[in-house]
Amino acid sequence: MKENRLDFSGKKVLVIGDVMLDRYVSGHVHRISPEAPVPVLNFQHIDEKPGGAANVAMNLFSLGMEVTLLSVSGDDEISAKLQSIIGDKINTVFLKDSSRRTSMKTRFMSGNQHLLRLDDETLQDINHDFEQLIINAFEEIIQSKEIHAIVLQDYNKGVLTKSLIKSIITQANHRKIATFVDPKEKNFLAYEGCTVFKPNKKEITQASALQTEDYNQYVHWLKERLHHQWTCLTLGSKGIYLHDGSKGMHFQTQKQEIVDVCGAGDTVLSVLVGCFLQNIPFEEIGNILNIAGGQVCRKPGVAIIDANQLFSEFSLIK
């Protein structure tokens, strides 16, 4: 029996960022409305799943890691629903701000076809008082338990402010805790000193204004500004470019049927955290990430990684 090198149990991870509820309203379309040129969706059922930073936390948990999730949510039904779905799988610390609405994305689906997405959320940055509450909760967590990695999951919903990002990374570096960043446009260059930076091709192209297939140019541009260690560029159908600070490799994907790309980046980051902490060889990590991203893209909606399936598929290419 092969040793499971993707056994990440015992690794303890703190996730900080924007949480949301992903709601899927599913049905079938058989006709166009007589009232307007839009499809009529005959309702079948509703599925609700943790999204955003909560999806990353659930992926980390599915991979066997011990996870704490720290965020700011509204003091509302959506926040309560989100915590109910997560249950006791992970330790959630939701700081409730009654002036905010917990983010909810409602997707209307006919089969695997997206018809419409409705976003209900608050987008402004949290105020100074809640920044301090997060810092206090963060300090309590890292002082009370061993944390091996911190994931900063930014969706531009206002939880991760520039000053908060700087404070967290500074304290993490002081304690020698690895920090992993999934950025968005607003605070793209605020993550100076992080350990691993994981933008997608669209994000890095917009930020740098570079137009190139030489991915090392993107890495050079980032390192001049962020002084980080590792870069992971997710390239969609073209795979992943991984750079460990001294060398880079492009890992091509295998052709496969894509059902839904929602949440693929969250899954890739979660698996990258485990591989990095497990000291898996750099030359193998890119292939593992491609397998993980492919798994969730074959499923509709935001999907959680299956650790056993990941190990099985990885074993086949070894």
# chains A, B, ... in the order shown; residues from 1 in each chain; ligands from 1
>>> select_by_dssp(residues="segment 76-287 of chain A", states="alpha helix (DSSP H)", output="ChimeraX atom specification")
/A:77-86,128-144,162-174,201-208,215-226,264-277,282-287
>>> select_by_dssp(residues="segment 92-226 of chain A", states="strand (DSSP E or B)", output="compact mmCIF listing (two decimals) with C-alpha atoms, in the first residue's frame")
# COMPACT_ATOMS: atom_id res chain seq x y z
CA THR A 92 -15.47 29.97 13.54
CA VAL A 93 -14.89 33.40 15.04
CA PHE A 94 -17.40 35.75 13.42
CA LEU A 95 -17.32 39.29 14.77
CA LYS A 96 -20.85 40.61 14.28
CA ASP A 97 -21.34 44.08 12.83
CA SER A 103 -22.48 38.52 1.72
CA MET A 104 -24.78 36.14 -0.15
CA LYS A 105 -24.47 35.21 -3.80
CA THR A 106 -27.60 33.62 -5.27
CA ARG A 107 -27.10 31.80 -8.56
CA PHE A 108 -30.11 30.78 -10.62
CA MET A 109 -29.34 27.56 -12.48
CA SER A 110 -30.96 25.47 -15.19
CA GLN A 113 -26.22 26.62 -16.96
CA HIS A 114 -25.97 29.89 -15.01
CA LEU A 115 -28.91 32.15 -15.81
CA LEU A 116 -28.36 34.98 -13.32
CA ARG A 117 -26.39 35.84 -10.19
CA LEU A 118 -27.80 38.10 -7.49
CA ASP A 119 -25.35 39.60 -4.97
CA ASP A 120 -26.60 40.92 -1.63
CA ALA A 149 -0.07 28.87 8.38
CA ILE A 150 -2.30 31.92 7.92
CA VAL A 151 -4.44 32.31 4.82
CA LEU A 152 -5.57 35.81 3.83
CA GLN A 153 -8.57 35.37 1.54
CA ALA A 178 3.82 31.18 6.78
CA THR A 179 1.26 33.50 5.16
CA PHE A 180 -0.69 32.60 2.01
CA VAL A 181 -2.52 35.27 0.02
CA ASP A 182 -5.34 35.05 -2.52
CA VAL A 196 3.08 32.79 -0.88
CA PHE A 197 1.16 35.07 -3.29
CA ASN A 200 -4.75 34.58 -11.32
